[in-house]
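Engineer: One file: entry-v8.tsv (TSV, C-alpha atoms).
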```tsv
chain	number	residue	atom	x	y	z
A	1	MET	CA	-20.29	0.06	-36.55
A	2	ARG	CA	-22.69	-1.85	-34.31
A	3	PRO	CA	-26.22	-0.98	-35.44
A	4	LEU	CA	-27.87	-3.65	-33.24
A	5	ASP	CA	-26.26	-2.61	-29.92
A	6	ARG	CA	-29.47	-1.08	-28.61
A	7	LEU	CA	-31.28	-4.44	-28.61
A	8	ARG	CA	-31.15	-6.17	-25.22
A	9	SER	CA	-31.26	-9.82	-26.34
A	10	LEU	CA	-29.12	-11.90	-28.64
A	11	LYS	CA	-32.22	-13.80	-29.77
A	12	ILE	CA	-33.87	-10.57	-30.89
A	13	LYS	CA	-30.73	-9.62	-32.78
A	14	LEU	CA	-30.68	-12.94	-34.61
A	15	GLY	CA	-34.36	-12.52	-35.43
A	16	VAL	CA	-33.74	-9.03	-36.80
A	17	LEU	CA	-30.83	-10.40	-38.82
A	18	VAL	CA	-32.96	-13.11	-40.42
A	19	VAL	CA	-35.89	-10.76	-41.13
A	20	ALA	CA	-33.63	-8.04	-42.56
A	21	THR	CA	-31.74	-10.35	-44.91
A	22	ASN	CA	-34.93	-12.08	-46.11
A	23	PHE	CA	-36.71	-8.78	-46.64
A	24	LEU	CA	-33.77	-7.40	-48.59
A	25	ALA	CA	-33.58	-10.54	-50.73
A	26	VAL	CA	-37.29	-10.40	-51.51
A	27	LEU	CA	-37.09	-6.67	-52.29
A	28	VAL	CA	-34.14	-7.10	-54.66
A	29	THR	CA	-35.86	-10.02	-56.39
A	30	TRP	CA	-39.11	-8.11	-56.84
A	31	LEU	CA	-37.33	-5.02	-58.20
A	32	GLY	CA	-35.27	-7.13	-60.60
A	33	LEU	CA	-38.35	-8.85	-61.95
A	34	GLN	CA	-40.24	-5.56	-62.21
A	35	PHE	CA	-37.49	-4.04	-64.34
A	36	GLY	CA	-37.19	-7.15	-66.53
A	37	PHE	CA	-33.75	-8.39	-65.45
A	38	GLY	CA	-35.01	-11.97	-65.30
A	39	PRO	CA	-34.50	-14.66	-62.70
A	40	THR	CA	-31.01	-15.65	-63.88
A	41	ARG	CA	-29.61	-12.28	-62.96
A	42	THR	CA	-31.98	-11.24	-60.18
A	43	PHE	CA	-31.62	-14.29	-57.88
A	44	PRO	CA	-27.78	-14.33	-57.75
A	45	PHE	CA	-27.72	-10.58	-57.11
A	46	ALA	CA	-30.30	-10.99	-54.30
A	47	ILE	CA	-28.14	-13.70	-52.70
A	48	VAL	CA	-25.04	-11.50	-52.82
A	49	VAL	CA	-26.92	-8.56	-51.27
A	50	SER	CA	-28.26	-10.82	-48.49
A	51	VAL	CA	-24.78	-12.17	-47.70
A	52	VAL	CA	-23.37	-8.63	-47.52
A	53	MET	CA	-26.18	-7.57	-45.18
A	54	THR	CA	-25.63	-10.64	-43.01
A	55	TRP	CA	-21.87	-9.95	-42.84
A	56	PHE	CA	-22.41	-6.29	-41.90
A	57	LEU	CA	-24.86	-7.03	-39.07
A	58	ALA	CA	-23.00	-10.12	-37.79
A	59	LYS	CA	-19.68	-8.25	-37.66
A	60	GLY	CA	-21.10	-5.76	-35.15
A	61	MET	CA	-22.62	-8.58	-33.10
A	62	THR	CA	-19.41	-10.63	-32.86
A	63	SER	CA	-16.81	-7.83	-32.58
A	64	PRO	CA	-16.72	-8.06	-28.73
A	65	LEU	CA	-15.90	-11.77	-29.06
A	66	ARG	CA	-12.96	-11.00	-31.33
A	67	GLU	CA	-11.74	-8.33	-28.91
A	68	MET	CA	-11.99	-10.80	-26.03
A	69	ARG	CA	-9.91	-13.30	-28.00
A	70	SER	CA	-7.16	-10.71	-28.58
A	71	ALA	CA	-7.28	-9.56	-24.95
A	72	ALA	CA	-7.07	-13.15	-23.69
A	73	ARG	CA	-3.98	-13.76	-25.79
A	74	ALA	CA	-2.41	-10.57	-24.40
A	75	MET	CA	-3.18	-11.70	-20.84
A	76	ALA	CA	-1.48	-15.01	-21.55
A	77	ASP	CA	1.65	-12.97	-22.29
A	78	GLY	CA	1.30	-10.99	-19.02
A	79	ASP	CA	-0.40	-7.86	-20.37
A	80	TYR	CA	-3.45	-7.12	-18.19
A	81	THR	CA	-4.14	-3.65	-19.59
A	82	ARG	CA	-6.28	-4.75	-22.55
A	83	ARG	CA	-10.02	-4.13	-22.26
A	84	VAL	CA	-13.05	-4.94	-24.43
A	85	ARG	CA	-15.38	-2.21	-25.70
A	86	ALA	CA	-18.72	-3.30	-24.26
A	87	THR	CA	-21.43	-1.16	-25.87
A	88	SER	CA	-24.18	-3.71	-26.49
A	89	ARG	CA	-26.84	-4.67	-23.94
A	90	ASP	CA	-27.30	-8.33	-24.89
A	91	GLU	CA	-25.59	-11.42	-23.54
A	92	VAL	CA	-22.41	-10.73	-25.52
A	93	GLY	CA	-22.21	-7.22	-24.03
A	94	GLN	CA	-22.70	-8.61	-20.53
A	95	LEU	CA	-19.98	-11.17	-21.22
A	96	ALA	CA	-17.64	-8.36	-22.33
A	97	ALA	CA	-18.36	-6.37	-19.14
A	98	THR	CA	-17.65	-9.48	-17.05
A	99	PHE	CA	-14.45	-10.05	-19.00
A	100	ASN	CA	-13.30	-6.50	-18.26
A	101	SER	CA	-14.06	-7.00	-14.57
A	102	MET	CA	-12.04	-10.22	-14.57
A	103	ALA	CA	-9.17	-8.46	-16.33
A	104	GLU	CA	-9.24	-5.71	-13.69
A	105	ASP	CA	-9.12	-8.29	-10.90
A	106	LEU	CA	-6.18	-10.04	-12.57
A	107	ALA	CA	-4.34	-6.74	-12.97
A	108	THR	CA	-4.95	-5.90	-9.31
A	109	GLY	CA	-3.75	-9.33	-8.24
A	110	ASP	CA	-0.62	-8.99	-10.34
A	111	LEU	CA	0.08	-5.55	-8.85
A	112	GLN	CA	-0.41	-6.91	-5.32
A	113	ARG	CA	1.99	-9.74	-6.11
A	114	ARG	CA	4.62	-7.29	-7.30
A	115	GLU	CA	4.10	-5.09	-4.26
A	116	LEU	CA	4.36	-8.11	-1.97
A	117	ILE	CA	7.73	-9.02	-3.47
A	118	ALA	CA	8.87	-5.42	-3.03
A	119	ASN	CA	7.62	-5.38	0.57
A	120	VAL	CA	9.41	-8.62	1.38
A	121	SER	CA	12.66	-7.32	-0.10
A	122	HIS	CA	12.36	-4.06	1.82
A	123	GLU	CA	11.59	-5.65	5.15
A	124	LEU	CA	14.22	-8.38	4.91
A	125	ARG	CA	16.94	-5.88	4.11
A	126	THR	CA	17.09	-4.47	7.65
A	127	PRO	CA	17.88	-7.68	9.60
A	128	VAL	CA	20.14	-8.95	6.80
A	129	ALA	CA	22.15	-5.73	6.88
A	130	ALA	CA	22.36	-5.84	10.68
A	131	LEU	CA	23.49	-9.46	10.62
A	132	GLN	CA	26.06	-8.70	7.92
A	133	ALA	CA	27.46	-5.79	9.94
A	134	GLN	CA	27.79	-7.98	13.03
A	135	LEU	CA	29.53	-10.77	11.13
A	136	GLU	CA	31.91	-8.33	9.42
A	137	ASN	CA	32.86	-6.89	12.82
A	138	LEU	CA	33.53	-10.41	14.08
A	139	VAL	CA	35.66	-11.32	11.05
A	140	ASP	CA	37.66	-8.05	11.20
A	141	GLY	CA	38.24	-8.40	14.93
A	142	VAL	CA	36.45	-5.17	15.75
A	143	THR	CA	33.99	-6.99	18.00
A	144	PRO	CA	34.98	-10.08	20.02
A	145	ALA	CA	32.92	-13.21	19.64
A	146	THR	CA	31.24	-12.93	23.01
A	147	PRO	CA	28.00	-14.69	23.92
A	148	ALA	CA	26.24	-11.32	23.77
A	149	THR	CA	27.43	-10.67	20.19
A	150	LEU	CA	26.51	-14.15	19.02
A	151	GLY	CA	23.17	-13.83	20.77
A	152	SER	CA	22.51	-10.61	18.89
A	153	ALA	CA	23.27	-12.34	15.59
A	154	LEU	CA	20.96	-15.18	16.57
A	155	HIS	CA	18.29	-12.61	17.37
A	156	GLN	CA	18.55	-11.19	13.84
A	157	THR	CA	18.18	-14.65	12.27
A	158	GLU	CA	15.14	-15.30	14.43
A	159	ARG	CA	13.72	-11.97	13.34
A	160	LEU	CA	14.25	-12.97	9.71
A	161	THR	CA	12.14	-16.05	10.32
A	162	ARG	CA	9.39	-13.99	11.91
A	163	LEU	CA	9.48	-11.42	9.13
A	164	VAL	CA	9.07	-14.03	6.41
A	165	SER	CA	5.90	-15.26	8.08
A	166	TYR	CA	4.75	-11.76	8.92
A	167	LEU	CA	5.19	-10.19	5.49
A	168	LEU	CA	3.09	-12.90	3.91
A	169	ASP	CA	0.20	-11.46	5.93
A	170	LEU	CA	0.25	-8.38	3.70
A	171	SER	CA	-2.04	-10.19	1.28
A	172	ARG	CA	-4.72	-10.07	3.99
A	173	ILE	CA	-4.69	-6.29	4.38
A	174	GLU	CA	-7.80	-5.74	2.32
A	175	ALA	CA	-9.57	-8.77	3.81
A	176	GLY	CA	-9.08	-7.48	7.37
A	177	ALA	CA	-8.27	-10.97	8.65
A	178	THR	CA	-4.82	-10.24	10.09
A	179	ASP	CA	-4.13	-11.75	13.49
A	180	LEU	CA	-2.99	-9.51	16.33
A	181	ARG	CA	-1.38	-10.76	19.52
A	182	PRO	CA	-1.75	-7.79	21.85
A	183	ALA	CA	-0.07	-7.59	25.21
A	184	PRO	CA	0.89	-4.80	27.64
A	185	VAL	CA	4.18	-3.24	26.49
A	186	ALA	CA	6.33	-0.83	28.51
A	187	LEU	CA	7.26	1.88	26.03
A	188	GLN	CA	10.54	2.89	27.73
A	189	GLU	CA	12.04	-0.58	27.40
A	190	PHE	CA	10.41	-1.11	24.01
A	191	LEU	CA	11.89	2.06	22.48
A	192	ASP	CA	15.29	1.41	24.05
A	193	ASP	CA	15.35	-2.03	22.42
A	194	ALA	CA	14.40	-0.51	19.07
A	195	VAL	CA	17.28	1.97	19.30
A	196	ASP	CA	19.67	-0.84	20.21
A	197	GLU	CA	18.71	-2.65	16.99
A	198	VAL	CA	19.58	0.27	14.71
A	199	GLU	CA	22.65	1.70	16.50
A	200	MET	CA	25.15	-0.77	15.06
A	201	LEU	CA	23.65	-0.67	11.59
A	202	GLU	CA	23.89	3.11	11.20
A	203	ALA	CA	26.87	3.90	13.45
A	204	GLY	CA	28.75	5.37	10.48
A	205	LYS	CA	26.73	8.61	10.71
A	206	GLN	CA	27.64	9.10	14.40
A	207	LEU	CA	24.02	9.82	15.29
A	208	ASP	CA	22.75	10.41	18.81
A	209	PHE	CA	19.52	8.75	19.89
A	210	VAL	CA	17.44	10.28	22.69
A	211	VAL	CA	14.58	8.29	24.19
A	212	ASP	CA	12.18	10.28	26.34
A	213	VAL	CA	9.11	8.56	27.81
A	214	HIS	CA	6.87	10.25	30.35
A	215	PRO	CA	5.87	8.78	32.65
A	216	GLU	CA	8.65	6.19	32.60
A	217	ASN	CA	6.20	3.38	33.34
A	218	LEU	CA	3.92	4.30	30.41
A	219	THR	CA	2.36	1.08	29.09
A	220	VAL	CA	0.33	0.44	25.93
A	221	THR	CA	-1.51	-2.69	24.83
A	222	LEU	CA	-0.28	-3.63	21.36
A	223	ASP	CA	1.19	-6.38	19.22
A	224	ARG	CA	4.90	-6.18	20.03
A	225	ASP	CA	6.22	-7.61	16.74
A	226	ARG	CA	4.01	-5.51	14.49
A	227	PHE	CA	4.60	-2.28	16.39
A	228	ARG	CA	8.34	-2.96	16.45
A	229	GLN	CA	8.16	-2.89	12.68
A	230	VAL	CA	6.44	0.50	12.88
A	231	VAL	CA	9.15	2.00	15.09
A	232	LEU	CA	12.02	0.44	13.14
A	233	ASN	CA	10.65	1.70	9.83
A	234	LEU	CA	10.31	5.21	11.25
A	235	LEU	CA	13.80	5.04	12.73
A	236	HIS	CA	15.35	3.88	9.47
A	237	ASN	CA	13.49	6.63	7.65
A	238	ALA	CA	14.86	9.17	10.13
A	239	ILE	CA	18.38	7.76	9.89
A	240	ARG	CA	18.29	7.83	6.12
A	241	HIS	CA	17.44	11.54	6.04
A	242	SER	CA	19.54	12.68	9.01
A	243	PRO	CA	22.79	14.58	8.45
A	244	PHE	CA	26.05	13.39	9.98
A	245	GLY	CA	26.32	13.84	13.74
A	246	SER	CA	22.69	14.89	14.27
A	247	THR	CA	20.18	13.70	16.85
A	248	ILE	CA	17.12	11.49	16.49
A	249	ARG	CA	14.55	11.81	19.27
A	250	LEU	CA	11.92	9.30	20.31
A	251	ARG	CA	9.32	10.79	22.64
A	252	ALA	CA	6.23	9.17	24.14
A	253	ARG	CA	3.50	10.87	26.15
A	254	ARG	CA	-0.01	10.15	27.28
A	255	ARG	CA	-2.54	12.81	26.42
A	256	GLY	CA	-6.09	12.11	27.58
A	257	ASP	CA	-7.25	8.79	26.15
A	258	LYS	CA	-4.39	8.72	23.60
A	259	VAL	CA	-0.72	7.80	23.66
A	260	LEU	CA	1.53	9.84	21.36
A	261	VAL	CA	4.84	8.45	20.07
A	262	ASP	CA	7.04	10.87	18.10
A	263	VAL	CA	10.09	10.06	15.98
A	264	ALA	CA	11.88	13.30	15.08
A	265	ASP	CA	14.98	13.85	12.95
A	266	GLU	CA	17.02	16.90	11.92
A	267	GLY	CA	16.95	16.25	8.19
A	268	PRO	CA	15.53	18.37	5.34
A	269	GLY	CA	11.94	17.85	6.47
A	270	ILE	CA	8.81	17.10	4.45
A	271	ALA	CA	6.85	19.68	2.48
A	272	PRO	CA	3.25	20.16	3.72
A	273	GLU	CA	1.81	19.13	0.36
A	274	ASP	CA	3.69	15.79	0.57
A	275	ARG	CA	2.77	14.84	4.14
A	276	GLU	CA	-0.18	12.69	3.11
A	277	ARG	CA	1.21	11.46	-0.19
A	278	ILE	CA	4.33	9.86	1.31
A	279	PHE	CA	2.23	7.16	2.98
A	280	ALA	CA	1.25	5.75	-0.41
A	281	ARG	CA	3.34	2.89	-1.72
A	282	PHE	CA	6.36	3.63	-3.93
A	283	VAL	CA	6.24	7.36	-3.12
A	284	HIS	CA	9.35	9.18	-1.93
A	285	GLY	CA	9.04	12.34	0.13
A	286	THR	CA	12.49	13.85	-0.47
A	287	SER	CA	14.09	14.20	-3.86
A	288	PRO	CA	17.87	14.11	-4.30
A	289	GLU	CA	17.81	17.87	-4.89
A	290	GLN	CA	16.08	18.48	-1.56
A	291	ALA	CA	18.30	16.15	0.46
A	292	GLY	CA	20.99	17.88	2.44
A	293	PRO	CA	24.64	16.86	2.92
A	294	GLY	CA	25.01	13.49	4.58
A	295	THR	CA	21.43	12.47	3.89
A	296	SER	CA	20.24	9.65	1.66
A	297	GLY	CA	17.17	9.23	-0.47
A	298	GLY	CA	17.63	5.53	-1.10
A	299	GLY	CA	14.35	4.28	0.32
A	300	THR	CA	11.98	2.10	-1.64
A	301	GLY	CA	8.83	4.05	-0.81
A	302	ILE	CA	7.17	1.09	0.91
A	303	GLY	CA	8.09	1.38	4.59
A	304	LEU	CA	5.72	4.23	5.43
A	305	ALA	CA	2.82	2.44	3.72
A	306	ILE	CA	3.46	-0.55	5.99
A	307	VAL	CA	3.67	1.81	8.98
A	308	ARG	CA	0.23	3.25	8.25
A	309	TRP	CA	-1.30	-0.19	7.82
A	310	ALA	CA	0.23	-1.59	11.04
A	311	VAL	CA	-0.82	1.47	13.06
A	312	ALA	CA	-4.36	1.26	11.67
A	313	LEU	CA	-4.52	-2.37	12.84
A	314	HIS	CA	-4.06	-1.04	16.37
A	315	GLY	CA	-6.86	1.49	15.93
A	316	GLY	CA	-4.45	4.43	15.69
A	317	ARG	CA	-3.11	6.80	13.08
A	318	VAL	CA	0.27	8.08	11.88
A	319	GLU	CA	0.95	11.54	10.49
A	320	VAL	CA	3.63	14.15	9.94
A	321	VAL	CA	3.27	17.09	12.33
A	322	ASP	CA	4.83	20.54	12.32
A	323	SER	CA	8.32	20.88	13.76
A	324	GLU	CA	10.93	23.61	13.85
A	325	ARG	CA	13.56	21.42	12.23
A	326	GLY	CA	13.51	18.19	10.25
A	327	ALA	CA	10.51	15.86	10.13
A	328	THR	CA	8.45	14.54	13.03
A	329	PHE	CA	6.30	11.45	12.58
A	330	ARG	CA	3.60	11.09	15.23
A	331	VAL	CA	1.90	7.78	16.00
A	332	THR	CA	-1.34	8.13	17.96
A	333	LEU	CA	-2.56	5.02	19.78
A	334	PRO	CA	-5.54	4.44	22.06
A	335	ALA	CA	-4.43	4.42	25.67
A	336	PRO	CA	-5.47	1.44	27.83
A	337	GLN	CA	-8.49	2.24	29.99
A	338	PRO	CA	-9.10	0.69	33.41
A	339	GLY	CA	-11.49	-2.22	33.16
A	340	VAL	CA	-11.49	-2.18	29.33
A	341	ARG	CA	-10.05	-5.07	27.39
A	342	GLY	CA	-7.33	-4.42	24.85
A	343	LEU	CA	-7.23	-5.32	21.22
A	344	GLY	CA	-8.20	-8.93	21.89
A	345	ARG	CA	-6.83	-12.08	23.47
A	346	PRO	CA	-3.58	-13.31	21.99
A	347	GLY	CA	-3.93	-16.15	19.55
A	348	THR	CA	-7.71	-16.11	19.28
A	349	GLY	CA	-7.75	-15.88	15.50
A	350	PRO	CA	-8.65	-12.96	13.29
A	351	THR	CA	-9.28	-9.73	15.06
A	352	PRO	CA	-12.44	-7.73	14.48
A	353	ALA	CA	-12.45	-5.09	11.78
A	354	VAL	CA	-10.10	-2.29	12.62
A	355	PRO	CA	-11.85	1.07	12.94
A	356	ALA	CA	-10.84	3.72	10.47
A	357	PRO	CA	-8.11	6.05	11.72
A	358	GLU	CA	-9.39	9.33	13.07
A	359	ALA	CA	-9.29	12.26	10.68
A	360	PRO	CA	-6.62	14.86	11.40
A	361	ALA	CA	-7.75	17.91	13.30
A	362	ALA	CA	-8.95	20.85	11.23
A	363	PRO	CA	-6.37	23.56	10.50
A	364	ASP	CA	-6.58	26.82	12.38
A	365	ALA	CA	-6.68	30.32	10.91
A	366	ASP	CA	-2.98	30.23	10.10
A	367	GLY	CA	-3.27	26.90	8.29
A	368	ASP	CA	-1.22	24.93	10.88
A	369	ALA	CA	-2.45	21.57	12.08
A	370	ALA	CA	-4.30	21.77	15.37
A	371	HIS	CA	-1.85	19.59	17.24
A	372	GLU	CA	-0.16	20.83	20.37
A	373	ASP	CA	3.55	20.23	19.99
A	374	LEU	CA	5.10	17.95	22.56
A	375	ASP	CA	7.75	20.55	23.30
A	376	GLN	CA	5.05	22.75	24.81
A	377	VAL	CA	3.86	19.85	26.89
A	378	ASP	CA	7.45	19.26	28.02
A	379	ALA	CA	7.67	22.85	29.26
A	380	ARG	CA	4.62	22.38	31.48
A	381	GLU	CA	5.68	18.92	32.64
A	382	GLN	CA	9.33	19.68	33.25
A	383	ASP	CA	8.94	19.72	36.99
A	384	ALA	CA	7.32	16.28	36.89
A	385	LEU	CA	10.23	14.66	35.08
A	386	PRO	CA	12.38	12.66	37.50
A	387	THR	CA	15.55	12.90	35.38
A	388	ALA	CA	16.51	14.39	32.07
A	389	PRO	CA	16.72	11.99	29.10
A	390	THR	CA	20.19	10.64	28.50
A	391	PRO	CA	21.50	10.84	24.92
A	392	ARG	CA	22.60	7.52	23.48
A	393	THR	CA	25.76	7.70	21.37
A	394	PRO	CA	26.36	4.67	19.14
A	395	PRO	CA	29.78	3.02	19.18
A	396	THR	CA	32.17	3.78	16.36
A	397	VAL	CA	32.56	0.81	14.05
```
Here is the file; what I need is its structure written in the form of structure tokens.
Structural biologist:
Amino acid sequence: MRPLDRLRSLKIKLGVLVVATNFLAVLVTWLGLQFGFGPTRTFPFAIVVSVVMTWFLAKGMTSPLREMRSAARAMADGDYTRRVRATSRDEVGQLAATFNSMAEDLATGDLQRRELIANVSHELRTPVAALQAQLENLVDGVTPATPATLGSALHQTERLTRLVSYLLDLSRIEAGATDLRPAPVALQEFLDDAVDEVEMLEAGKQLDFVVDVHPENLTVTLDRDRFRQVVLNLLHNAIRHSPFGSTIRLRARRRGDKVLVDVADEGPGIAPEDRERIFARFVHGTSPEQAGPGTSGGGTGIGLAIVRWAVALHGGRVEVVDSERGATFRVTLPAPQPGVRGLGRPGTGPTPAVPAPEAPAAPDADGDAAHEDLDQVDAREQDALPTAPTPRTPPTV
């Protein structure tokens, strides 16, 4: 019990404590003398009653301090879940509220540290696996040690170095102080390079990759390294959930003042109720029961969260759109406008605050998202295509 919690000042509480104990002592003494108990019995009894009253009131005043001591010891052992019951309005209650806020900050920092370690492990796995596959092919004699092969291995080691520096920037997500180095990027060449990076790693599934960019000279201003991570994460997600011998399509179009980049697979797809949830960290969209033959659910649940963050840095959004088969991830980016500067000059320090991604269009009467599928656009633009996209079949390792 904390009978003095309503008082707003510790000084007032101490004053009430002194007055209450003295009043009780005087009252007990007066009653004892009135009933003829005498001073020898009345005074000791009055002292005992005063001590009990002091203990009762002081226990409620100091209980938050004892709770803070226990919580601090738990935090020293790594437990940041302990909180103090702050019900009083005095200085001790304010100290308890501040202690709880500090504990919440420490818990958040510990969670961010754990997530950072998980992010680093997830992002380093891709180039390490690619480098391991290349070296195994060299050792087994499957691939000759040509300058091109060694250059590809060198490229993966260089990418490891960049990723180590890049992933440390995740701690700045909330601060909005992440540097961007935007430059004009030709999407046809960019997507072809991304496919080249994943072909050797996942050649065991005998997947076909189709890159379709219209127009072929479509250019977007973006940070090449960060957006490469977006495309590679989406490709690895598609590869992981694609059945053996299926096709993964990368399509890019310009629509008005936006550029749409789609990564589509032929896997089990994503349920409508999970399409927003999968972008949270440590969330998996496909359970082992839902996965079809030849698919894998071995992701860590972090890649799509990084995709959303990196796309938001470019002022765009990423979402899962309706498709007849499999899952289609759509990245929407602002298209470069004539006479308008891009995201900023390379190397000029922190970029301005990234605008919030646009909200998805409202559903129509049938509940489908109001996004025109790129296949319908392809039907209208078929005559404008110079050549049909050429499927890319990875080499058998």
Engineer: Tell me which protein, DNA and RNA residues are within 12 Å of Val48 in chain A, counting all atoms listed in the file, leaving out same-chain ones fewer than 2 positions away, and put them as a PyMOL selection string.
Structural biologist: chain A and resi 21-22+24-25+28-29+41-46+50-55
Engineer: So how many Å separate CA of Ser246 in chain A and CA of Thr143 in chain A, to one decimal?
Structural biologist: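 It comes out at 24.9 Å.
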Engineer: Between CA of Asp262 in chain A and CA of Ala310 in chain A, what distance in Å does the model show, to one decimal?
Structural biologist: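 A separation of 15.9 Å between them.
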Engineer: Point out the residue among A:Ala271, A:Pro39, A:Met75, A:Val16 with the least atom-to-atom distance to Met61 in chain A, counting all atoms listed in the file.
Structural biologist: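 Ranked by minimum distance to Met61 in chain A, first place goes to A:Val16.
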Engineer: Just to confirm, what's the straight-line distance from CA of Ala118 in chain A to CA of Val263 in chain A in Å (one decimal)?
Structural biologist: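 Answer for the CA of Ala118 in chain A to CA of Val263 in chain A separation: 24.5 Å.
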Engineer: What lies within 12 Å of Asn137 in chain A using only C-alpha atoms, ignoring chain neighbours under 5 positions off, as a tab-separated table (two decimals) with C-alpha atoms, in the frame of the given file?
Structural biologist:
```
chain	number	residue	atom	x	y	z
A	130	ALA	CA	22.36	-5.84	10.68
A	131	LEU	CA	23.49	-9.46	10.62
A	132	GLN	CA	26.06	-8.70	7.92
A	142	VAL	CA	36.45	-5.17	15.75
A	143	THR	CA	33.99	-6.99	18.00
A	144	PRO	CA	34.98	-10.08	20.02
A	145	ALA	CA	32.92	-13.21	19.64
A	146	THR	CA	31.24	-12.93	23.01
A	149	THR	CA	27.43	-10.67	20.19
A	150	LEU	CA	26.51	-14.15	19.02
A	153	ALA	CA	23.27	-12.34	15.59
A	200	MET	CA	25.15	-0.77	15.06
A	201	LEU	CA	23.65	-0.67	11.59
A	396	THR	CA	32.17	3.78	16.36
A	397	VAL	CA	32.56	0.81	14.05
```
Engineer: Fewer than 2 positions away in the same chain doesn't count, so skip those; otherwise give me all residues within 9 Å of Val220 in chain A, counting all atoms listed in the file, as a PyMOL selection string.
Structural biologist: chain A and resi 183-187+218+222+259+333-336
Engineer: When you count all atoms listed in the file, which of these residues is closest to Ser9 in chain A: A:Gly315, A:Glu199, A:Leu260, A:Val92?
Structural biologist: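 Looking only at the distances to Ser9 in chain A, the closest residue turns out to be A:Val92.
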Engineer: For a quick check of understanding, using only C-alpha atoms, which of A:Ala280, A:Ala312, A:Val261, A:Ile239 has the smallest distance to Gln188 in chain A?
Structural biologist: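 When distances to Gln188 in chain A are compared using only C-alpha atoms, the smallest one comes from A:Val261.
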Engineer: I need the residue nearest Thr87 in chain A from this list: A:Arg277, A:Thr219, A:Pro127, A:Gly60. Use only C-alpha atoms for the distance.
Structural biologist: A:Gly60
Engineer: Given the point (10.1, 16.2, 10.3) in the coordinates of this file, which residues lie within 7 Å, counting all atoms listed in the file, and how would they look as a ChimeraX atom specification?
Structural biologist: /A:264-265,269-270,320,323,325-329
Engineer: Pick out the closest residue to Asp212 in chain A from this set: A:Ala252, A:Val195, A:Ile47, A:Val19. Count only C-alpha atoms.
Structural biologist: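 Of A:Ala252, A:Val195, A:Ile47, A:Val19, the one nearest Asp212 in chain A, counting only C-alpha atoms, is A:Ala252.
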Engineer: Name the closest residue to Gln229 in chain A among the candidates A:Val307, A:Leu154, A:Leu17, A:Leu111; distances are taken between atoms, counting only C-alpha atoms.
Structural biologist: A:Val307
Engineer: Can range 125-136 of chain A be brought up to N, CA and C atoms and written out as a PDB file, in the coordinates of the input?
Structural biologist:
```pdb
ATOM      1  N   ARG A 125      15.653  -6.546   4.238  1.00  0.00           N
ATOM      2  CA  ARG A 125      16.940  -5.880   4.110  1.00  0.00           C
ATOM      3  C   ARG A 125      17.490  -5.442   5.465  1.00  0.00           C
ATOM      4  N   THR A 126      16.612  -4.998   6.372  1.00  0.00           N
ATOM      5  CA  THR A 126      17.090  -4.470   7.650  1.00  0.00           C
ATOM      6  C   THR A 126      17.792  -5.539   8.497  1.00  0.00           C
ATOM      7  N   PRO A 127      17.155  -6.681   8.800  1.00  0.00           N
ATOM      8  CA  PRO A 127      17.880  -7.680   9.600  1.00  0.00           C
ATOM      9  C   PRO A 127      19.070  -8.282   8.873  1.00  0.00           C
ATOM     10  N   VAL A 128      18.998  -8.411   7.540  1.00  0.00           N
ATOM     11  CA  VAL A 128      20.140  -8.950   6.800  1.00  0.00           C
ATOM     12  C   VAL A 128      21.332  -8.008   6.906  1.00  0.00           C
ATOM     13  N   ALA A 129      21.069  -6.697   6.767  1.00  0.00           N
ATOM     14  CA  ALA A 129      22.150  -5.730   6.880  1.00  0.00           C
ATOM     15  C   ALA A 129      22.743  -5.716   8.285  1.00  0.00           C
ATOM     16  N   ALA A 130      21.871  -5.804   9.307  1.00  0.00           N
ATOM     17  CA  ALA A 130      22.360  -5.840  10.680  1.00  0.00           C
ATOM     18  C   ALA A 130      23.204  -7.079  10.931  1.00  0.00           C
ATOM     19  N   LEU A 131      22.745  -8.215  10.443  1.00  0.00           N
ATOM     20  CA  LEU A 131      23.490  -9.460  10.620  1.00  0.00           C
ATOM     21  C   LEU A 131      24.824  -9.396   9.879  1.00  0.00           C
ATOM     22  N   GLN A 132      24.818  -8.825   8.677  1.00  0.00           N
ATOM     23  CA  GLN A 132      26.060  -8.700   7.920  1.00  0.00           C
ATOM     24  C   GLN A 132      27.052  -7.798   8.647  1.00  0.00           C
ATOM     25  N   ALA A 133      26.564  -6.684   9.209  1.00  0.00           N
ATOM     26  CA  ALA A 133      27.460  -5.790   9.940  1.00  0.00           C
ATOM     27  C   ALA A 133      28.073  -6.490  11.150  1.00  0.00           C
ATOM     28  N   GLN A 134      27.267  -7.264  11.866  1.00  0.00           N
ATOM     29  CA  GLN A 134      27.790  -7.980  13.030  1.00  0.00           C
ATOM     30  C   GLN A 134      28.839  -9.004  12.634  1.00  0.00           C
ATOM     31  N   LEU A 135      28.575  -9.749  11.568  1.00  0.00           N
ATOM     32  CA  LEU A 135      29.530 -10.770  11.130  1.00  0.00           C
ATOM     33  C   LEU A 135      30.819 -10.138  10.610  1.00  0.00           C
ATOM     34  N   GLU A 136      30.704  -9.005   9.895  1.00  0.00           N
ATOM     35  CA  GLU A 136      31.910  -8.330   9.420  1.00  0.00           C
ATOM     36  C   GLU A 136      32.756  -7.837  10.595  1.00  0.00           C
TER      37      GLU A 136
END
```
